[in-house]
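Okay, structure first, notes after.
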There are 2 protein chains.
Amino acid sequence: MWSNSCIFFVILVLSFIGENLCQTTPVWTYECIEGYCQKRRITPGSENTAISLSACQLLCSGYGSLWPQPTGEISIGNVLVHINFNSIDILEGRGENSVASLIRAGGKNFKKQIESLATPRAINSGGKSLIVTMDIADPEKTQLTLDTDESYSLKVSETSDGRMNATISAPTYFGGRHGLETLGQVIIYDDLRDQLQMPKDVYITDKPVYPYRGILLDTARNYISVATIKRTIDAISASKLNTLHWHITDTHSFPYVSTSRPELSQIGAYSKKKVYTPSDVEEIVKYAKERGVRVLPEFDAPAHVGEGWQDTDFVACFNKQPWQDYCVEPPCGQFDPTRPKLYDALENIYKDMIAQFNPDIFHMGGDEVSMSCWNSTPSIVEWMKAAYGWDRKEEDFIKLWDVFQSQALERFDRQAGKKIPIVMWTSTLTKKEYVEQYLPKDRYIIQIWTTGRDKVVSELLDAGYRLILSNYDALYLDCGYAGWVQGGNNWCSPYIGWQKLYDNSPAEIGGNRKNQFLGAEAALWTEQVDDTSVDSRIWPRAAALAERLWAEPTTNWRAAEPRMLIHRQRLVNRGIQADALEPEWCLQYEENCPLGGKFNRP
Amino acid sequence: MWSNSCIFFVILVLSFIGENLCQTTPVWTYECIEGYCQKRRITPGSENTAISLSACQLLCSGYGSLWPQPTGEISIGNVLVHINFNSIDILEGRGENSVASLIRAGGKNFKKQIESLATPRAINSGGKSLIVTMDIADPEKTQLTLDTDESYSLKVSETSDGRMNATISAPTYFGGRHGLETLGQVIIYDDLRDQLQMPKDVYITDKPVYPYRGILLDTARNYISVATIKRTIDAISASKLNTLHWHITDTHSFPYVSTSRPELSQIGAYSKKKVYTPSDVEEIVKYAKERGVRVLPEFDAPAHVGEGWQDTDFVACFNKQPWQDYCVEPPCGQFDPTRPKLYDALENIYKDMIAQFNPDIFHMGGDEVSMSCWNSTPSIVEWMKAAYGWDRKEEDFIKLWDVFQSQALERFDRQAGKKIPIVMWTSTLTKKEYVEQYLPKDRYIIQIWTTGRDKVVSELLDAGYRLILSNYDALYLDCGYAGWVQGGNNWCSPYIGWQKLYDNSPAEIGGNRKNQFLGAEAALWTEQVDDTSVDSRIWPRAAALAERLWAEPTTNWRAAEPRMLIHRQRLVNRGIQADALEPEWCLQYEENCPLGGKFNRP
């Protein structure tokens, strides 16, 4: 593409931007060589034809600087025009309707992102107007579900009177917003000319492969501020993921302010300030929706409870020592299914969460239930014997768990008023011998957290379950750091590089049952993370998952490496403290760094 | 200490702070049990005797919440008094002299730190005055050297008219500043009463075990902003380390603006903005000195050069491919010792650095010289043959290296006007068979970067060299992340936990030659780090090294764990984005988390 038209491109650009050339003589230009941008010295006399890194990145290879790579048609013309930030308008296409306020919010967000690319001088340096038309076919679809059509098309062209037109057509707002993100990614800042620019012609059609593309954030092991949660949503949306799975409570703390049971957070939060009030939740859910993101609440039970419940008798084994006998990490704590009033409390919490989140799916947790916790609680064992004649074997405790889960679900359904899909983690209950008896496959979605090669994956697929893949060996972002209950490194070490997330393919794992994968999710458990490093733990690694889920590319991380570095930079420009992956040198000399790269051949 | 006087303490505190008790009824108090703070429910009627976590931490165990642990006498009385932030005054003790402006700066910094602990309401809530007297014996010693006496004593008492007096006595400002840091650490914010408090009586004498206690920051693989460098200095100083080793240039970029050779950064910086101007350097050096920190500049040579030198013929193998044949990471580049004008350029750079840093020691790098780079450059090999009749064996290239190093040192000395100690990394040149011939031990300090068990350590000790320990297996903070020249993890994986830094003892490694260790240094090489995660990579892990070097404790990390969590929180309060180590729960229930901890016994 480039080799034939590079000179044409340069001439056209300079026909109208020459006068804005920066005062300082630029030293470097970028050449597109074999599809990779290479930093090259500007030769005397050729200063005016210098090409900025961002222009080169956008035009040098097939997917330009887009992340994730589009799955349909893609054509990015190689003529760049100078656009005027102050003349960007987003039109809603079909007048006032339910989706119009979302479009207004999306447009505002889009403009903020464009603004963050450039200097104030570039913002006010004139250029062509840009009219963005959002043509959303179904203006009533304002809730993301597993069936939502997230496709879009984007067409950019110049009008006869010299303005730029961008039309985004999509069945739903959620697709339209992806189109807006793509449009944002083809607008660049040229640091040589101090201008915002975009290609004169673009045509892209695009849609994701998997409907569920998530990030899990745990806000209970350590508290995560509302501002950080919002930044996480910004980055989710920049990467065309669509779900923030909010693991909001756990044994360690109960930061969720339940309107019905306010005492839980009064006692259970780390401090008075480390809570999520109803208005915080409302704000987060709204913020996410505007960015095309579902907030999926998890109320994990019957294990992973403790702090907050001290004034009840609902929790067994709380902070029981030595903890390693009763749970997987300190402190221990697990609901006692034999307490009838427990279910009233659960129903209250479900009611609050349903009202605030309006969830299309709900997560009930269900991981790491300790049989030895229940087994070591005499009243529980006695109740099992007295009520049902049950013994103390695994299958007996599974029945006890079913007592809990059935009642919890009944209470949930009563509050929801309908039967929405429930997600649960793999556990003893999802073992082949129990799962079909206790977790109907038309109701439950199973989230895998064991390894991708664990036989439970194929067993659940064979049994017909819909799955979400969070195999810890590729998708747990907390792995690899120091031990915290002992020296050495933490349990799921080593650290997982972005390359491993990229290459972790549900299609490959699922084989001919791949369609049962709704998608996947990268998880950040926060035992060793709080506000200071949420961004750098999740990003840019989770963006590698994003491209895998959006496109299921047949290529591996090596092909994506130059774009990955560009996307990381994009996240940083938008205020996300994403980790650096390589020296900046490797961004300026694409494909010079990896072993076996294009420019490594003798 | 606590068990006998706990009730007395509570009564005294409440005799004058009862009226300030927050409106919201507190839920939690902290009890000191067997030397550890435990969160406990406040029982009805005992609200007024509730103890804040920070008060408990300060008074519950021998070292309180101090980091690093003092090495001399320590006595912290268990009566806390409310102090008035607006009535804190720092007196300079002996009138106007060279050290007075440092004390003013140190005092200002101290007050800023205290202010950051508390709410605005607490700042203005009254309390006792605090007069801090800085009694510095030698007011002329304003440069930190390897011989500087960093000891201090701190005495806090109440005057007859009810004011608080703190006297810090020290031979030098550098000791006095450590005393100020310690004073800052015994002032706490009580969140139950919304007050700043401090013990009525304190007596501490203290001094470090090792004179060199450093952090290396690489600003060439990726650019690090001046603001981030300053934050790093803040944290160095909070942890009583004393050196920022600034690896300022490398093959990847040349951000250092040399007044004599400005073209180097014009060509070699990643961008026009990613540079360190003379005024940036001046600002950083001054900022560091005020905080008791030496900035040690490294100009790494003859390897680790490339970008910036393109207009000269001084560099061999620059960006030569395949890179793995000519260097350890891309891009390659190494000075060509046969170019006579090279030494003029070096002398210019030394001149600029000496003027700006006024270094008491200087780092000449000298690591990872590639024999195959020189060997593959025909002009070099021919010169060796023609000038000296040298062949192409290792010892011949070592002689070539000596040609470089001798001339570089001569030029350096000429500019310095005196012979200051030079630090160099372990390398082929420091092997037993070469080191004494080429690097005189009265002139060179060797910095170890191989493992702590490498025989080069004992060989250099036996030969009588002074050493700085940066063994990568315990002190390289960049280890454990993703690979960047290939998949998997980076070369020195796994990630090194703070526990390993804590337990990495120069005394143990040095045995009966331990006195030849000047100290140690944790290194952050920045191939995979830039501004977004410098803080979280270095901190709080480097603070573990800080206590090791300050105190050489006979205990290991387990004994330090509760204080480590407190110090991490301190760094965060001061604006350092230090990584979380454990759930906040483990801070609130000390010693409940580790395997084998006090509260884990059945």
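Ligands are numbered from 1 in the order shown, chains are lettered A, B, ... in the order of the structure tokens, and residues start at 1 in each chain.
Inside range 287-338 of chain B, the residues DSSP reads as alpha helix (DSSP H) when given the backbone are Tyr287, Ala288, Lys289 and Glu290 of chain B.
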Include N, CA and C atoms and write out the residues we just selected as an mmCIF file, in the first residue's frame.
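Contents of result-v4.cif, as written:
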```
data_model
loop_
_atom_site.group_PDB
_atom_site.id
_atom_site.type_symbol
_atom_site.label_atom_id
_atom_site.label_comp_id
_atom_site.auth_asym_id
_atom_site.auth_seq_id
_atom_site.Cartn_x
_atom_site.Cartn_y
_atom_site.Cartn_z
ATOM 1 N N TYR B 287 17.719 19.438 45.051
ATOM 2 C CA TYR B 287 16.585 18.762 45.702
ATOM 3 C C TYR B 287 17.080 17.572 46.508
ATOM 4 N N ALA B 288 17.999 16.831 45.908
ATOM 5 C CA ALA B 288 18.537 15.644 46.568
ATOM 6 C C ALA B 288 19.354 16.022 47.797
ATOM 7 N N LYS B 289 20.226 16.983 47.647
ATOM 8 C CA LYS B 289 21.089 17.354 48.784
ATOM 9 C C LYS B 289 20.256 17.779 49.985
ATOM 10 N N GLU B 290 19.221 18.574 49.741
ATOM 11 C CA GLU B 290 18.354 19.006 50.838
ATOM 12 C C GLU B 290 17.742 17.805 51.559
#
```
For this session: Could you please tell me, as a PyMOL selection string, which residues of chain B have an atom within 7 Å of chain A when using only C-alpha atoms?
Result: chain B and resi 27+221-222+252+267+321-323+330+480-489+494-497+499+527-530+532-533+536+577-585+593-595+599-602
Problem set entry | B:Gly389, B:Ile136, B:Asp478, B:Glu158 ranked by distance to Asp218 in chain B, top pick (using only C-alpha atoms) | B:Asp478
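With only C-alpha atoms taken into account, the protein and nucleic acid residues at most 10 Å from range 381-383 of chain A (excluding it and anything under 4 positions from it in its own chain) are Pro337, Thr338, Trp374, Asn375, Ser376, Thr377, Ala387, Tyr388, Gly389, Trp390, Asp391, Arg392, Asp396, Phe397 and Leu400 of chain A.
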